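Visitor: Handing over coords_36.cif, mmCIF, C-alpha atoms.
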```
data_model
loop_
_atom_site.label_atom_id
_atom_site.label_comp_id
_atom_site.auth_asym_id
_atom_site.auth_seq_id
_atom_site.Cartn_x
_atom_site.Cartn_y
_atom_site.Cartn_z
CA MET W 1 -34.74 82.46 141.05
CA LYS W 2 -31.61 80.49 140.42
CA ASN W 3 -31.82 78.09 137.54
CA ASP W 4 -29.79 74.98 138.35
CA MET W 5 -29.49 74.04 134.70
CA HIS W 6 -27.28 77.05 134.02
CA ILE W 7 -23.86 75.98 135.18
CA PHE W 8 -22.05 77.66 132.31
CA ASP W 9 -22.42 81.16 130.93
CA LEU W 10 -22.54 80.77 127.15
CA ASN W 11 -21.36 84.32 126.47
CA ALA W 12 -18.34 83.79 128.70
CA VAL W 13 -17.60 80.47 126.99
CA ARG W 14 -17.68 82.25 123.63
CA ARG W 15 -15.44 85.10 124.82
CA ASN W 16 -12.94 82.62 126.27
CA ARG W 17 -12.79 80.62 123.05
CA GLU W 18 -12.26 83.77 121.01
CA ARG W 19 -9.37 84.65 123.28
CA ALA W 20 -7.79 81.24 122.63
CA MET W 21 -7.56 82.07 118.91
CA ARG W 22 -5.04 84.75 119.81
CA GLY W 23 -3.33 82.68 122.50
CA ASP W 24 -0.29 80.46 122.30
CA ALA W 25 -1.45 77.59 124.50
CA ASN W 26 -3.36 75.41 122.08
CA PHE W 27 -1.19 72.35 122.65
CA LEU W 28 -3.97 70.23 124.21
CA HIS W 29 -6.36 71.25 121.48
CA ASP W 30 -3.83 70.29 118.79
CA TRP W 31 -3.11 67.03 120.59
CA CYS W 32 -6.84 66.18 120.55
CA LEU W 33 -7.09 67.00 116.85
CA ASP W 34 -4.16 64.71 116.01
CA ASN W 35 -5.56 61.95 118.19
CA VAL W 36 -9.01 62.14 116.62
CA LYS W 37 -7.45 62.02 113.15
CA GLU W 38 -5.52 58.88 114.09
CA ARG W 39 -8.70 57.27 115.41
CA LEU W 40 -10.59 58.11 112.23
CA ALA W 41 -7.82 56.64 110.11
CA VAL W 42 -8.31 53.13 111.52
CA ILE W 43 -12.10 53.08 111.02
CA LYS W 44 -12.95 50.97 108.00
CA ARG W 45 -15.55 53.34 106.61
CA GLU W 46 -15.80 56.62 104.81
CA PHE W 47 -18.04 59.50 105.76
CA ASP W 48 -19.82 61.60 103.18
CA THR W 49 -20.79 64.60 105.28
CA ALA W 50 -19.12 65.24 108.61
CA LEU W 51 -19.59 68.09 111.04
CA ILE W 52 -16.65 69.24 113.12
CA SER W 53 -17.25 71.30 116.21
CA GLY W 54 -14.51 73.40 117.76
CA ALA W 55 -11.73 72.46 115.35
CA ARG W 56 -10.53 76.12 115.13
CA ASP W 57 -8.39 75.14 112.17
CA SER W 58 -9.42 73.70 108.83
CA PHE W 59 -10.05 69.99 109.39
CA ASN W 60 -9.42 67.69 106.47
CA HIS W 61 -9.30 63.93 106.51
CA GLU W 62 -9.11 61.28 103.84
CA LYS W 63 -12.11 59.48 105.36
CA ILE W 64 -14.36 62.55 105.10
CA GLY W 65 -15.92 63.71 101.86
CA HIS W 66 -17.49 67.01 102.85
CA THR W 67 -16.57 68.84 106.05
CA ILE W 68 -18.82 71.38 107.75
CA HIS W 69 -17.21 73.35 110.57
CA LEU W 70 -19.36 74.58 113.41
CA ASP W 71 -18.67 76.70 116.46
CA LEU W 72 -20.18 79.28 118.78
CA SER W 73 -18.57 82.28 117.15
CA GLN W 74 -17.32 83.37 113.74
CA LYS W 75 -13.98 84.23 115.31
CA THR W 76 -13.33 80.64 116.36
CA LEU W 77 -14.11 79.13 112.97
CA PRO W 78 -11.20 78.42 110.63
CA ALA W 79 -10.34 81.11 108.09
CA GLN W 80 -12.72 81.16 105.13
CA ASN W 81 -11.64 79.44 101.98
CA ALA W 82 -13.29 79.55 98.58
CA HIS W 83 -16.09 77.16 99.50
CA PRO W 84 -17.05 77.85 103.06
CA ALA W 85 -19.17 75.32 104.85
CA HIS W 86 -19.36 76.98 108.20
CA LEU W 87 -22.14 77.11 110.74
CA ILE W 88 -22.55 79.06 113.94
CA CYS W 89 -24.70 77.29 116.47
CA ASP W 90 -24.86 75.98 119.99
CA GLU W 91 -24.69 72.19 120.18
CA GLU W 92 -27.27 72.30 122.96
CA THR W 93 -29.81 73.43 120.37
CA LEU W 94 -28.36 71.66 117.36
CA PRO W 95 -30.10 72.95 114.21
CA LEU W 96 -29.68 69.75 112.22
CA ARG W 97 -32.31 67.61 110.54
CA MET W 98 -32.78 64.11 111.91
CA ASN W 99 -30.67 61.44 110.18
CA SER W 100 -28.69 63.99 108.19
CA ALA W 101 -25.00 63.66 109.09
CA ASP W 102 -22.61 60.76 108.56
CA ALA W 103 -20.31 61.83 111.35
CA LEU W 104 -19.98 64.47 114.03
CA ILE W 105 -16.68 65.23 115.71
CA ASP W 106 -16.34 67.43 118.74
CA ILE W 107 -13.04 68.90 119.87
CA LEU W 108 -13.00 69.97 123.53
CA SER W 109 -16.35 71.65 123.84
CA LEU W 110 -18.59 69.11 125.57
CA HIS W 111 -17.26 69.99 129.03
CA THR W 112 -18.99 73.39 128.90
CA LYS W 113 -22.50 72.16 128.16
CA ASN W 114 -25.27 72.91 130.62
CA ASP W 115 -27.21 69.91 129.43
CA LEU W 116 -24.71 67.26 128.37
CA PRO W 117 -27.20 64.32 128.19
CA GLY W 118 -29.51 66.45 126.03
CA THR W 119 -26.64 67.49 123.77
CA LEU W 120 -25.59 63.87 123.22
CA ILE W 121 -29.19 62.88 122.42
CA GLN W 122 -29.40 65.67 119.84
CA ILE W 123 -26.12 64.60 118.26
CA ASN W 124 -27.39 61.03 118.03
CA ARG W 125 -30.63 62.21 116.41
CA ALA W 126 -28.75 64.28 113.83
CA LEU W 127 -26.67 61.28 112.76
CA LYS W 128 -27.77 58.92 110.04
CA PRO W 129 -28.17 55.28 111.13
CA ASP W 130 -24.64 53.87 111.55
CA GLY W 131 -23.32 57.45 111.78
CA LEU W 132 -20.27 58.10 113.93
CA PHE W 133 -19.81 60.43 116.87
CA VAL W 134 -16.33 61.16 118.21
CA GLY W 135 -15.95 63.55 121.09
CA THR W 136 -13.10 64.80 123.24
CA LEU W 137 -13.57 66.59 126.53
CA PHE W 138 -11.77 67.38 129.75
CA GLY W 139 -12.39 64.75 132.42
CA GLY W 140 -12.70 64.71 136.21
CA GLU W 141 -8.97 64.48 136.96
CA THR W 142 -8.29 67.74 135.13
CA LEU W 143 -6.53 70.37 137.22
CA PHE W 144 -7.21 68.52 140.48
CA GLU W 145 -4.05 70.07 141.96
CA LEU W 146 -5.24 73.59 141.15
CA ARG W 147 -8.74 72.91 142.43
CA LYS W 148 -7.35 71.57 145.70
CA SER W 149 -4.92 74.46 146.14
CA LEU W 150 -7.51 77.17 145.48
CA THR W 151 -10.07 75.54 147.74
CA HIS W 152 -7.48 75.20 150.48
CA ALA W 153 -6.40 78.84 150.14
CA GLU W 154 -9.94 80.14 150.12
CA MET W 155 -10.89 78.10 153.14
CA GLN W 156 -7.93 79.52 154.94
CA CYS W 157 -8.27 83.16 153.89
CA ARG W 158 -12.06 83.51 153.57
CA ASN W 159 -13.41 80.58 155.52
CA GLY W 160 -15.38 79.29 152.53
CA ALA W 161 -14.75 78.10 148.99
CA ARG W 162 -16.22 79.26 145.70
CA PRO W 163 -16.44 77.30 142.44
CA ARG W 164 -13.38 78.06 140.34
CA VAL W 165 -12.47 74.92 138.46
CA TYR W 166 -15.23 73.31 136.36
CA PRO W 167 -17.22 70.35 137.61
CA PHE W 168 -15.84 67.91 135.04
CA VAL W 169 -17.57 64.69 134.13
CA ASP W 170 -15.90 61.35 134.96
CA LYS W 171 -15.01 58.72 132.41
CA GLN W 172 -17.48 56.28 134.02
CA GLN W 173 -20.29 58.82 133.95
CA MET W 174 -19.53 59.56 130.32
CA GLY W 175 -20.03 55.87 129.47
CA ALA W 176 -23.42 55.89 131.16
CA LEU W 177 -24.38 59.10 129.36
CA MET W 178 -23.43 57.68 125.97
CA GLN W 179 -25.64 54.65 126.59
CA ARG W 180 -28.45 56.82 127.87
CA ALA W 181 -28.23 58.93 124.70
CA GLY W 182 -28.76 55.73 122.70
CA PHE W 183 -25.35 55.32 121.09
CA ALA W 184 -24.49 51.81 119.97
CA LEU W 185 -21.09 50.21 120.63
CA PRO W 186 -19.80 53.09 122.76
CA VAL W 187 -16.10 53.22 123.54
CA ILE W 188 -14.78 55.51 126.27
CA ASP W 189 -11.17 55.94 127.23
CA SER W 190 -9.05 58.68 128.69
CA GLU W 191 -5.49 59.86 128.83
CA LEU W 192 -3.77 61.80 131.55
CA ILE W 193 -1.39 64.49 130.41
CA THR W 194 0.90 66.05 132.96
CA VAL W 195 2.33 69.43 132.09
CA SER W 196 5.16 70.93 134.10
CA TYR W 197 5.07 74.61 135.09
CA SER W 198 7.42 76.90 136.97
CA ASP W 199 4.60 78.10 139.22
CA MET W 200 0.82 78.27 139.59
CA PHE W 201 0.62 81.64 137.86
CA SER W 202 2.12 80.40 134.60
CA LEU W 203 -0.31 77.47 134.72
CA MET W 204 -3.24 79.86 135.16
CA ARG W 205 -1.98 82.01 132.30
CA ASP W 206 -1.91 78.95 130.03
CA VAL W 207 -5.41 77.90 131.06
CA ARG W 208 -6.69 81.36 130.11
CA HIS W 209 -4.82 81.25 126.79
CA MET W 210 -6.38 77.86 126.04
CA GLY W 211 -9.75 79.56 126.20
CA GLU W 212 -10.59 77.66 129.36
CA ALA W 213 -10.82 80.42 131.95
CA SER W 214 -13.84 79.94 134.18
CA ALA W 215 -17.15 80.43 132.40
CA LEU W 216 -19.15 79.19 135.33
CA HIS W 217 -22.40 81.02 135.79
CA ASP W 218 -21.67 81.40 139.50
CA ARG W 219 -18.02 82.25 139.02
CA THR W 220 -16.47 84.93 141.17
CA LYS W 221 -16.91 88.11 139.18
CA SER W 222 -15.27 90.34 141.74
CA PHE W 223 -11.53 90.70 142.11
CA THR W 224 -9.93 87.80 143.93
CA GLY W 225 -7.61 88.88 146.71
CA ARG W 226 -3.89 88.52 146.25
CA ASP W 227 -3.69 86.64 149.54
CA ILE W 228 -5.79 83.79 148.12
CA PHE W 229 -3.56 83.34 145.08
CA MET W 230 -0.36 83.59 147.12
CA THR W 231 -1.61 81.02 149.65
CA ALA W 232 -2.80 78.73 146.85
CA ALA W 233 0.51 78.99 144.96
CA GLU W 234 2.40 78.15 148.12
CA TYR W 235 0.13 75.19 148.93
CA TYR W 236 0.39 73.96 145.32
CA HIS W 237 4.16 74.10 145.51
CA ASN W 238 4.43 72.46 148.93
CA THR W 239 1.98 69.68 148.13
CA PHE W 240 2.73 68.78 144.54
CA ALA W 241 6.14 70.14 143.48
CA GLU W 242 8.65 67.79 141.87
CA THR W 243 12.23 67.52 143.06
CA ASP W 244 13.32 70.09 140.46
CA GLY W 245 10.98 72.67 142.04
CA ARG W 246 8.55 72.73 139.13
CA ILE W 247 4.86 71.94 139.64
CA PRO W 248 2.84 69.39 137.66
CA ALA W 249 -0.63 70.11 136.29
CA THR W 250 -2.80 67.17 135.29
CA PHE W 251 -5.18 67.28 132.35
CA GLU W 252 -7.47 64.36 131.66
CA ILE W 253 -8.82 64.08 128.14
CA ILE W 254 -11.78 61.73 127.70
CA PHE W 255 -12.37 60.26 124.26
CA VAL W 256 -15.85 59.04 123.45
CA LEU W 257 -16.86 57.18 120.34
CA GLY W 258 -20.30 55.87 119.53
CA TRP W 259 -22.46 54.93 116.61
CA SER W 260 -26.02 55.74 115.79
CA PRO W 261 -27.79 52.35 115.98
CA HIS W 262 -28.15 50.30 112.80
CA GLU W 263 -29.17 46.70 112.19
CA SER W 264 -25.83 45.88 110.54
CA GLN W 265 -24.05 46.41 113.86
CA GLN W 266 -23.27 43.51 116.17
CA GLN W 267 -26.34 42.71 118.26
CA PRO W 268 -26.70 40.67 121.42
CA LEU W 269 -28.43 37.31 120.87
CA LYS W 270 -31.82 36.62 122.39
CA PRO W 271 -31.60 34.85 125.77
CA GLY W 272 -31.97 31.11 125.33
CA SER W 273 -30.78 31.11 121.71
CA ALA W 274 -27.37 29.58 122.46
CA GLU W 275 -26.49 26.55 120.36
CA VAL W 276 -23.77 25.14 122.57
CA ARG W 277 -24.15 24.31 126.23
CA LEU W 278 -21.74 26.09 128.49
CA ALA W 279 -21.39 22.91 130.55
CA ASP W 280 -20.18 21.02 127.44
CA LEU W 281 -17.57 23.67 126.69
CA LEU W 282 -16.33 23.56 130.26
CA ASN W 283 -16.50 19.76 130.27
CA THR W 284 -18.54 19.62 133.45
CA THR W 285 -22.02 18.60 134.59
CA GLU W 286 -24.70 21.23 134.51
CA ILE W 287 -26.48 22.11 137.74
CA THR W 288 -29.95 23.41 137.03
CA THR W 289 -31.20 26.58 138.65
CA GLY W 290 -32.97 26.08 141.93
CA GLU W 291 -30.47 23.44 142.96
CA LYS W 292 -27.73 24.82 145.15
CA ALA W 293 -24.12 23.98 144.39
CA LYS W 294 -22.55 21.73 147.02
CA PRO W 295 -19.83 23.37 149.09
CA MET U 1 -17.64 89.43 98.38
CA THR U 2 -20.73 87.57 99.50
CA HIS U 3 -20.63 83.82 99.65
CA ASP U 4 -23.54 81.52 99.12
CA VAL U 5 -24.40 79.05 101.85
CA ASP U 6 -22.95 75.62 101.26
CA PRO U 7 -25.79 73.68 99.53
CA LYS U 8 -25.19 70.55 101.57
CA LEU U 9 -25.37 72.53 104.78
CA LEU U 10 -28.57 74.24 103.66
CA GLU U 11 -30.10 70.84 103.06
CA ILE U 12 -29.56 69.58 106.61
CA LEU U 13 -30.33 72.76 108.59
CA VAL U 14 -33.52 73.04 110.59
CA CYS U 15 -34.80 75.53 113.17
CA PRO U 16 -32.85 75.00 116.42
CA LEU U 17 -35.99 75.54 118.52
CA THR U 18 -38.74 73.78 116.64
CA HIS U 19 -36.75 71.43 114.37
CA THR U 20 -38.95 72.49 111.47
CA THR U 21 -37.81 73.18 107.90
CA LEU U 22 -36.47 76.67 107.23
CA ARG U 23 -37.21 79.02 104.35
CA TYR U 24 -34.12 80.45 102.64
CA ASP U 25 -34.50 84.11 101.73
CA ARG U 26 -31.62 84.63 99.34
CA THR U 27 -32.06 88.41 98.94
CA ALA U 28 -32.30 89.16 102.65
CA GLN U 29 -29.74 86.43 103.45
CA GLU U 30 -31.91 84.97 106.15
CA LEU U 31 -33.15 81.55 107.15
CA ILE U 32 -36.73 81.85 108.29
CA SER U 33 -38.48 79.65 110.81
CA ASP U 34 -42.20 80.34 110.51
CA LYS U 35 -43.00 78.17 113.49
CA ALA U 36 -40.55 79.87 115.86
CA LYS U 37 -41.30 83.28 114.24
CA LEU U 38 -37.60 83.97 113.88
CA ALA U 39 -35.26 84.89 111.05
CA PHE U 40 -31.70 83.65 111.43
CA PRO U 41 -29.10 85.81 109.70
CA ILE U 42 -26.51 84.58 107.20
CA ARG U 43 -23.24 86.50 107.20
CA ASP U 44 -20.63 85.79 104.52
CA GLY U 45 -22.38 82.52 103.76
CA ILE U 46 -22.33 81.43 107.40
CA PRO U 47 -25.75 80.71 108.92
CA ILE U 48 -25.95 82.00 112.48
CA MET U 49 -28.37 79.67 114.19
CA LEU U 50 -28.31 81.31 117.61
CA VAL U 51 -31.62 82.41 119.07
CA ASP U 52 -30.21 85.62 120.56
CA GLU U 53 -28.89 86.66 117.11
CA ALA U 54 -32.19 85.98 115.33
CA ARG U 55 -34.66 88.66 114.28
CA PRO U 56 -38.25 88.22 115.50
CA LEU U 57 -40.65 88.03 112.55
CA GLU U 58 -43.54 90.42 112.11
CA ASP U 59 -46.95 88.81 111.69
CA LYS U 60 -47.22 89.67 107.99
CA GLU U 61 -43.91 87.92 107.25
CA ILE U 62 -45.06 84.58 108.56
CA LYS U 63 -46.17 82.09 105.96
CA LYS U 64 -48.74 79.61 107.14
CA ALA U 65 -47.91 76.01 106.45
CA ARG U 66 -49.95 74.74 103.54
#
```
Just give me the structure as structure tokens.
Guide:
Amino acid sequence: MKNDMHIFDLNAVRRNRERAMRGDANFLHDWCLDNVKERLAVIKREFDTALISGARDSFNHEKIGHTIHLDLSQKTLPAQNAHPAHLICDEETLPLRMNSADALIDILSLHTKNDLPGTLIQINRALKPDGLFVGTLFGGETLFELRKSLTHAEMQCRNGARPRVYPFVDKQQMGALMQRAGFALPVIDSELITVSYSDMFSLMRDVRHMGEASALHDRTKSFTGRDIFMTAAEYYHNTFAETDGRIPATFEIIFVLGWSPHESQQQPLKPGSAEVRLADLLNTTEITTGEKAKP
Amino acid sequence: MTHDVDPKLLEILVCPLTHTTLRYDRTAQELISDKAKLAFPIRDGIPIMLVDEARPLEDKEIKKAR
């Protein structure tokens, strides 16, 4: 029986990430790291114990006292120093005590979770009250050109399409998920990064080297015919190429930031507790409910 | 060289399946979850909290909660 919850194959995700450690296409990963560091720098708080998932490199920050690195595999953790604080785990079954971490930072791993809402709930539970969660993940616009080209080619050559590019979550959905997971004061934003490539094949090479080759459970495991790739590359070029003949590839990075709820955070007032009448502020007469406004 | 597990990390770790407290077996370098009947290995001071890497416990190894 097919289990719908298994979109991603964890072993394939792990293998892909290990491959990225040897690759030379970590530019998006590095960009996310820099961006997260900048965002941490402007937060007026310090964090005693912070967990960093997927950093790949040693992550140090002036706002963090003690850093614990976690990942799916020993090979993707940063090189061991004298005092290792490393943990191998899957964030979908996060082995952390409730209210134990001051911050959790995730670098580009949330887009390969089978149960993203559950993962976010577990992260929230592991955080102390007023603990911070910062996550980065690929969003829905990512590789839309490649997805379209491959689907087009497969429809043409095989009369049917198979899943090849991940089903990414949208920014709007991510906002709803953060609220559902119980995060207070969530902030969601995203950035589009367009990378220029000579052709579709160099783009696909980079995607593999990033550690982002398909880890879909239902991915095509058999050899994909040359005709499909040739048709897709041609379609990609004809549809999206710039005037200089190079093709653009879009990556959308979603940033999420949320806090574990705490009474010190800003709270909405109780309905009816306003001290100033809106009508007074607007310098107008109030029309009570039930009475219709005149046209 | 064997490393010890980071004490702060040890303090916050629980069983990934049952969320219960773990027993630290320093000689065997294992973190034991009596409730899940699993022993999670520690390699070079790195706890490996993945269920498919854990060793199933034999009945005599399980300590009943007092």
Visitor: Find the residue from W:Ser58, W:Asn16, W:Asn114, W:Ser73 that sits nearest to chain U; use only C-alpha atoms when measuring.
Guide: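 Of all the options, W:Ser73 lies closest to chain U.
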Visitor: For chain U, work out the contacting residues on chain W at 10 Å, counting all atoms listed in the file, and write them as a PyMOL selection string.
Guide: chain W and resi 49+51+66-68+70-74+80+82-101+126
Visitor: Between atom CA of Ala12 of chain W and atom CA of Thr142 of chain W, what is the distance, to one decimal in Å?
Guide: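 Taking atom CA of Ala12 of chain W as the start and atom CA of Thr142 of chain W as the end point, the length is 20.0 Å.
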Visitor: Can you pull out the residues contacting segment 52-64 of chain U? Cut-off 8 Å, using all atoms listed in the file, and skip same-chain residues under 2 positions away; I want them as number ranges by chain.
Guide: U: 34, 37-41, 48-50, 66
Visitor: Filtering to C-alpha atoms, could you give me those residues as a PDB file, in the coordinates of the input?
Guide:
```
ATOM      1  CA  ASP U  34     -42.200  80.340 110.510  1.00  0.00           C
ATOM      2  CA  LYS U  37     -41.300  83.280 114.240  1.00  0.00           C
ATOM      3  CA  LEU U  38     -37.600  83.970 113.880  1.00  0.00           C
ATOM      4  CA  ALA U  39     -35.260  84.890 111.050  1.00  0.00           C
ATOM      5  CA  PHE U  40     -31.700  83.650 111.430  1.00  0.00           C
ATOM      6  CA  PRO U  41     -29.100  85.810 109.700  1.00  0.00           C
ATOM      7  CA  ILE U  48     -25.950  82.000 112.480  1.00  0.00           C
ATOM      8  CA  MET U  49     -28.370  79.670 114.190  1.00  0.00           C
ATOM      9  CA  LEU U  50     -28.310  81.310 117.610  1.00  0.00           C
ATOM     10  CA  ARG U  66     -49.950  74.740 103.540  1.00  0.00           C
TER      11      ARG U  66
END
```
Visitor: Can you pull out the residues contacting Leu33 of chain W? Cut-off 10 Å, using all atoms listed in the file, and skip same-chain residues under 2 positions away; I want them as a ChimeraX atom specification.
Guide: /W:27-31,35-39,54-57,59,105-108,136
Visitor: Report, in Å with one decimal, the straight-line distance from atom CA of Ser53 of chain W to atom CA of Ile123 of chain W.
Guide: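 Interatomic distance, atom CA of Ser53 of chain W to atom CA of Ile123 of chain W: 11.3 Å.
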Visitor: Quick one: 6 Å padding each side, axis-aligned, all listed atoms of segment 59-62 of chain U - centre and edge lengths in Å to one decimal, as JSON?
Guide:
```
{"center_x": -45.6, "center_y": 87.1, "center_z": 109.5, "size_x": 15.3, "size_y": 17.1, "size_z": 16.4}
```
Visitor: Report as a ChimeraX atom specification all protein, DNA and RNA residues lying within 12 Å of Arg147 of chain W, evaluated on all atoms listed in the file, omitting residues in the same chain fewer than 2 positions from it.
Guide: /W:140-145,149-154,161-168,200,204,214,229,232-233,235-236,249-250
Visitor: Got time to write the residues from that selection, C-alpha atoms, as a CSV table (one decimal), in the frame of the given file?
Guide:
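Below you can see out.csv, which holds the result:
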```csv
chain,number,residue,atom,x,y,z
W,140,GLY,CA,-12.7,64.7,136.2
W,141,GLU,CA,-9.0,64.5,137.0
W,142,THR,CA,-8.3,67.7,135.1
W,143,LEU,CA,-6.5,70.4,137.2
W,144,PHE,CA,-7.2,68.5,140.5
W,145,GLU,CA,-4.0,70.1,142.0
W,149,SER,CA,-4.9,74.5,146.1
W,150,LEU,CA,-7.5,77.2,145.5
W,151,THR,CA,-10.1,75.5,147.7
W,152,HIS,CA,-7.5,75.2,150.5
W,153,ALA,CA,-6.4,78.8,150.1
W,154,GLU,CA,-9.9,80.1,150.1
W,161,ALA,CA,-14.8,78.1,149.0
W,162,ARG,CA,-16.2,79.3,145.7
W,163,PRO,CA,-16.4,77.3,142.4
W,164,ARG,CA,-13.4,78.1,140.3
W,165,VAL,CA,-12.5,74.9,138.5
W,166,TYR,CA,-15.2,73.3,136.4
W,167,PRO,CA,-17.2,70.4,137.6
W,168,PHE,CA,-15.8,67.9,135.0
W,200,MET,CA,0.8,78.3,139.6
W,204,MET,CA,-3.2,79.9,135.2
W,214,SER,CA,-13.8,79.9,134.2
W,229,PHE,CA,-3.6,83.3,145.1
W,232,ALA,CA,-2.8,78.7,146.8
W,233,ALA,CA,0.5,79.0,145.0
W,235,TYR,CA,0.1,75.2,148.9
W,236,TYR,CA,0.4,74.0,145.3
W,249,ALA,CA,-0.6,70.1,136.3
W,250,THR,CA,-2.8,67.2,135.3
```
Visitor: List the neighbours of Asp244 of chain W out to 10 Å using only C-alpha atoms; skip same-chain residues closer than 3 positions along the sequence, and give me the result as a short mmCIF file (atom, residue, chain, number, x, y, z; two decimals) with C-alpha atoms, keeping the file's coordinate frame.
Guide:
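Writing the result to part-v7.cif gives the following:
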```cif
data_model
loop_
_atom_site.label_atom_id
_atom_site.label_comp_id
_atom_site.auth_asym_id
_atom_site.auth_seq_id
_atom_site.Cartn_x
_atom_site.Cartn_y
_atom_site.Cartn_z
CA SER W 198 7.42 76.90 136.97
CA ALA W 241 6.14 70.14 143.48
CA ILE W 247 4.86 71.94 139.64
#
```
Visitor: Point out the residue among W:His209, W:Asp199, W:Pro78, W:Lys63 with the least atom-to-atom distance to Arg22 of chain W, counting only C-alpha atoms.
Guide: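 With only C-alpha atoms as the atom set, the closest residue is W:His209.
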Visitor: Please compute the atom CA of Asp189 of chain W-atom CA of Leu137 of chain W distance, one decimal, in Å.
Guide: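 Answer for the atom CA of Asp189 of chain W to atom CA of Leu137 of chain W separation: 10.9 Å.
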Visitor: Using only C-alpha atoms, which of the listed residues (W:Gly160, W:Pro129, W:Pro186, W:Pro117) sits closest to Ile228 of chain W?
Guide: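 Going through W:Gly160, W:Pro129, W:Pro186, W:Pro117 one by one, the smallest distance to Ile228 of chain W is for W:Gly160.
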Visitor: When the PyMOL selection byres ((chain W and resi 260-264) around 9) is applied to the structure above, which residues does it catch, written out as a short mmCIF file (atom, residue, chain, number, x, y, z; two decimals) with C-alpha atoms, in the coordinates of the input?
Guide:
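That gives us out07.cif:
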```cif
data_model
loop_
_atom_site.label_atom_id
_atom_site.label_comp_id
_atom_site.auth_asym_id
_atom_site.auth_seq_id
_atom_site.Cartn_x
_atom_site.Cartn_y
_atom_site.Cartn_z
CA ASN W 124 -27.39 61.03 118.03
CA ARG W 125 -30.63 62.21 116.41
CA LEU W 127 -26.67 61.28 112.76
CA LYS W 128 -27.77 58.92 110.04
CA PRO W 129 -28.17 55.28 111.13
CA ASP W 130 -24.64 53.87 111.55
CA GLY W 131 -23.32 57.45 111.78
CA LEU W 132 -20.27 58.10 113.93
CA PHE W 133 -19.81 60.43 116.87
CA GLY W 182 -28.76 55.73 122.70
CA PHE W 183 -25.35 55.32 121.09
CA ALA W 184 -24.49 51.81 119.97
CA LEU W 185 -21.09 50.21 120.63
CA GLY W 258 -20.30 55.87 119.53
CA TRP W 259 -22.46 54.93 116.61
CA GLN W 265 -24.05 46.41 113.86
CA GLN W 266 -23.27 43.51 116.17
CA GLN W 267 -26.34 42.71 118.26
#
```
